[in-house]
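Asks: Dumping the structure here so I can ask a few things about it.
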Amino acid sequence: MSDHPLYEDLSTRRLTWLRFKRHKLALMSGGFLIFIYLIAIFCEFFAPYEPNWRNPKAIFAPPQEFHFFEANGNFQFRPFVYGYTLRINPETWVREYTEDTSQKHPIYFFSKGQKYQFWNLFTARHHFITTAKGQYLHIFGTDKLGRDIFSRIVYGARISLSLGLIGVVLTLVLGVLIGGLAGYLGGRTDNLIQRLIEVLQSIPTLPLWMALSAAVPVHWSPLGVYFSIIVILSFIQWTGLARVVRGRFLALREEDFVIAARLLGASQLRIITRHLLPSFMSHIITTATLAIPGMILAETALSFLGVGLRAPVVSWGVLLQQAQNFQVIVLTPWLLIPGIFVILVVIAFNLLGDGLRDAADPYGGHQL
């Protein structure tokens, strides 16, 4: 940190922001995540179709290409796609699709299309991107039932991304509470909690997740399964954060400001919430940011293996279930597109977490 008088009167929050702005990758990652979460929030508007809408004319159809030039070379200001022509290969019985230049499907933005219920609050028809009635648009192709993969990815973002956020909030509550008690009280309480953490961390994570997920009753509603998966993932993830909080509490509980608060008669709860936690809240936020991609990957893995979220719920892990067969991957590689979004979001969260960690550390490498 520079000793220039310009920075002497800046608050800690302002200094953290100035350091964070110098981390360009973290800034871009934060912007990308805001964009993705906005799409997840308004997924009904951004998706051309509902997730379970089927196009019987396009089963396992490949992505359609955007065009600005017609087959005769004429330029069109409005982009369009061509319809499909289906041919069954007589030798392999594989569906083969080609562009049918006689079927021109213009693309419209912010136009009326298929009806949808926005958050089950009201009915609307405007979509970000759509085509005319009787035509179709499959940006990322279709699956085995003719459902639009792009629309299902957009809807799946709401489930996968919200599960990561809610799960991390629950992980924070457990980690801060249990780790804070261990670090502040010490003694037998600390020993008991540390032994519990060691036992949980010694169990292989994936088999434990699978065992707990398999115990979820099949007859539960999709919403019940959703929250049960959150609880299962949080039950394992809190141990790492608890140890971080414990270490910080052990280092801070003998500091002068904590002793002064104790001598003034402050309760233990007030000392923890008003003095100890705020002193390293930035580190907790950074840890939470880095934990979200772990939650998303865990849900994707469980759903991919068939022991997590199940249809009719639409998440990125559920969408990847169709890519378990190597023959499907060879013939319909576009079914792997949901995995690309998982990778991009995880990388973005990791870069954002790195930027927040460097900004929160006053002795970090990014100097003003």
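Residues in the structure tokens are numbered from 1 in each chain, the chains being A, B, ... in the order shown, and ligands are numbered from 1 in the order shown.
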Find the spatial neighbours of stretch 188-197 of chain A, counting only C-alpha atoms, within a cut-off of 12 Å - ignore same-chain residues fewer than 6 positions away - and output them as JSON, numbers by chain.
Replies: {"A": [174, 175, 177, 178, 179, 180, 181, 182, 203, 235, 236, 237, 238, 239, 240, 241, 242, 243, 244, 246, 247, 249, 250]}
Asks: With only C-alpha atoms counted and 7 Å as the cut-off, give the residues of stretch 301-364 of chain A in contact with stretch 147-170 of chain A, each with its shortest interatomic distance in Å and the pair that gives it, as a tab-separated table.
Replies:
```
residue	atom	partner	partner_atom	distance
A:Val314	CA	A:Gly156	CA	4.9
A:Ser315	CA	A:Gly156	CA	3.8
A:Trp316	CA	A:Gly156	CA	5.4
A:Pro338	CA	A:Ile153	CA	6.3
```
Asks: Can you write just those residues out, C-alpha atoms, as a compact mmCIF listing (two decimals), in the first residue's frame?
Replies:
```
# COMPACT_ATOMS: atom_id res chain seq x y z
CA VAL A 314 -34.39 -28.88 -14.96
CA SER A 315 -30.81 -28.23 -13.84
CA TRP A 316 -27.49 -28.37 -15.63
CA PRO A 338 -24.65 -27.53 -20.49
```
Asks: Please indicate the distance in Å from atom CA of A:Pro207 to atom CA of A:Leu305, rounded to one decimal place.
Replies: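 Between atom CA of A:Pro207 and atom CA of A:Leu305 the gap works out to 11.4 Å.
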Asks: What does the distance from atom CA of A:Trp209 to atom CA of A:Gln321 come to in Å, to one decimal?
Replies: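 Separation of atom CA of A:Trp209 and atom CA of A:Gln321: 17.4 Å.
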Asks: Expressed in Å to a single decimal, how great is the separation between atom CA of A:Phe66 and atom CA of A:Arg54?
Replies: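 Here the two named atoms are 21.2 Å from each other.
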Asks: Give me the stretch 122-207 of chain A side of the contact with stretch 95-112 of chain A, cut-off 6 Å, one line per residue showing its nearest atom pair and distance in Å at one decimal, counting only C-alpha atoms, sorted by chain and residue number, as JSON lines.
Replies:
```
{"residue": "A:Arg125", "atom": "CA", "partner": "A:Lys112", "partner_atom": "CA", "distance": 5.1}
{"residue": "A:His126", "atom": "CA", "partner": "A:Lys112", "partner_atom": "CA", "distance": 4.2}
{"residue": "A:His127", "atom": "CA", "partner": "A:Phe110", "partner_atom": "CA", "distance": 5.3}
{"residue": "A:Phe128", "atom": "CA", "partner": "A:Phe110", "partner_atom": "CA", "distance": 4.6}
{"residue": "A:Ile129", "atom": "CA", "partner": "A:Phe109", "partner_atom": "CA", "distance": 4.6}
{"residue": "A:Thr130", "atom": "CA", "partner": "A:Tyr108", "partner_atom": "CA", "distance": 5.4}
{"residue": "A:Thr131", "atom": "CA", "partner": "A:Ile107", "partner_atom": "CA", "distance": 5.0}
```
Asks: Could you give me, as an MDAnalysis selection string, the residues within 8 Å of stretch 271-280 of chain A, counting only C-alpha atoms and dropping anything in the same chain fewer than 6 positions from it?
Replies: chainID A and resid 180 248:249 252:253 257:258 261:262
Asks: Tell me, as a short mmCIF file (atom, residue, chain, number, x, y, z; two decimals) with N, CA and C atoms, in the first residue's frame, which residues lie within 6 Å of stretch 289-300 of chain A, counting only C-alpha atoms; anything in the same chain fewer than 5 positions away does not count.
Replies:
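Generated output (part.cif):
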```cif
data_model
loop_
_atom_site.label_atom_id
_atom_site.label_comp_id
_atom_site.auth_asym_id
_atom_site.auth_seq_id
_atom_site.Cartn_x
_atom_site.Cartn_y
_atom_site.Cartn_z
N GLY A 164 -26.46 -23.15 -5.54
CA GLY A 164 -25.14 -22.79 -5.04
C GLY A 164 -25.20 -21.66 -4.03
N GLY A 317 -27.05 -30.30 -14.21
CA GLY A 317 -26.69 -31.69 -13.98
C GLY A 317 -27.70 -32.65 -14.58
N VAL A 346 -17.93 -21.88 -13.03
CA VAL A 346 -16.96 -22.27 -12.00
C VAL A 346 -15.67 -21.47 -12.14
N ASN A 350 -14.14 -18.76 -9.38
CA ASN A 350 -12.77 -18.89 -8.86
C ASN A 350 -11.96 -17.63 -9.09
N GLY A 353 -13.25 -15.00 -6.72
CA GLY A 353 -12.77 -15.26 -5.37
C GLY A 353 -11.31 -14.89 -5.19
#
```
Asks: Residues of stretch 302-362 of chain A within 12 Å of stretch 13-22 of chain A: nearest atom pair and distance (Å, one decimal) for each, counting only C-alpha atoms, sorted by chain and number, as JSON lines?
Replies:
```
{"residue": "A:Leu351", "atom": "CA", "partner": "A:Phe20", "partner_atom": "CA", "distance": 11.5}
{"residue": "A:Leu352", "atom": "CA", "partner": "A:Phe20", "partner_atom": "CA", "distance": 9.5}
{"residue": "A:Gly353", "atom": "CA", "partner": "A:Phe20", "partner_atom": "CA", "distance": 10.5}
{"residue": "A:Asp354", "atom": "CA", "partner": "A:Phe20", "partner_atom": "CA", "distance": 9.7}
{"residue": "A:Gly355", "atom": "CA", "partner": "A:Phe20", "partner_atom": "CA", "distance": 6.0}
{"residue": "A:Leu356", "atom": "CA", "partner": "A:Phe20", "partner_atom": "CA", "distance": 6.4}
{"residue": "A:Arg357", "atom": "CA", "partner": "A:Phe20", "partner_atom": "CA", "distance": 8.9}
{"residue": "A:Asp358", "atom": "CA", "partner": "A:Phe20", "partner_atom": "CA", "distance": 7.3}
{"residue": "A:Ala359", "atom": "CA", "partner": "A:Phe20", "partner_atom": "CA", "distance": 4.9}
{"residue": "A:Ala360", "atom": "CA", "partner": "A:Thr16", "partner_atom": "CA", "distance": 5.8}
{"residue": "A:Asp361", "atom": "CA", "partner": "A:Thr16", "partner_atom": "CA", "distance": 8.3}
{"residue": "A:Pro362", "atom": "CA", "partner": "A:Thr16", "partner_atom": "CA", "distance": 8.1}
```
Asks: Write the residues of the preceding selection, restricted to C-alpha atoms, as a PDB file, in the first residue's frame.
Replies:
```pdb
ATOM      1  CA  LEU A 351     -11.356 -15.786 -10.553  1.00  0.00           C
ATOM      2  CA  LEU A 352     -13.762 -13.568  -8.618  1.00  0.00           C
ATOM      3  CA  GLY A 353     -12.769 -15.265  -5.367  1.00  0.00           C
ATOM      4  CA  ASP A 354      -9.082 -14.759  -6.144  1.00  0.00           C
ATOM      5  CA  GLY A 355      -9.696 -11.070  -6.786  1.00  0.00           C
ATOM      6  CA  LEU A 356     -11.667 -10.643  -3.554  1.00  0.00           C
ATOM      7  CA  ARG A 357      -8.990 -12.475  -1.589  1.00  0.00           C
ATOM      8  CA  ASP A 358      -6.237 -10.242  -2.964  1.00  0.00           C
ATOM      9  CA  ALA A 359      -8.329  -7.115  -2.319  1.00  0.00           C
ATOM     10  CA  ALA A 360      -9.228  -8.135   1.235  1.00  0.00           C
ATOM     11  CA  ASP A 361      -5.593  -8.852   2.143  1.00  0.00           C
ATOM     12  CA  PRO A 362      -3.838  -5.558   2.984  1.00  0.00           C
TER      13      PRO A 362
END
```
Asks: Could you write out, as a ChimeraX atom specification, all the residues of stretch 93-230 of chain A that DSSP marks as helix (DSSP H, G or I)?
Replies: /A:149-185,187-202,205-214,222-230
Asks: When DSSP is applied to the backbone of this structure, which of stretch 108-261 of chain A are assigned strand (DSSP E)? Write them out as a list in words.
Replies: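 After running DSSP on the backbone, stretch 108-261 of chain A has strand (DSSP E) at Tyr108, Phe109, Phe110, Ser111, Lys112, Gly113, Gln114, Lys115, Tyr116, Gln117, Phe118, Phe122, Thr123, Ala124, Arg125, His126, His127, Phe128, Ile129, Thr130 and Thr131 of chain A.
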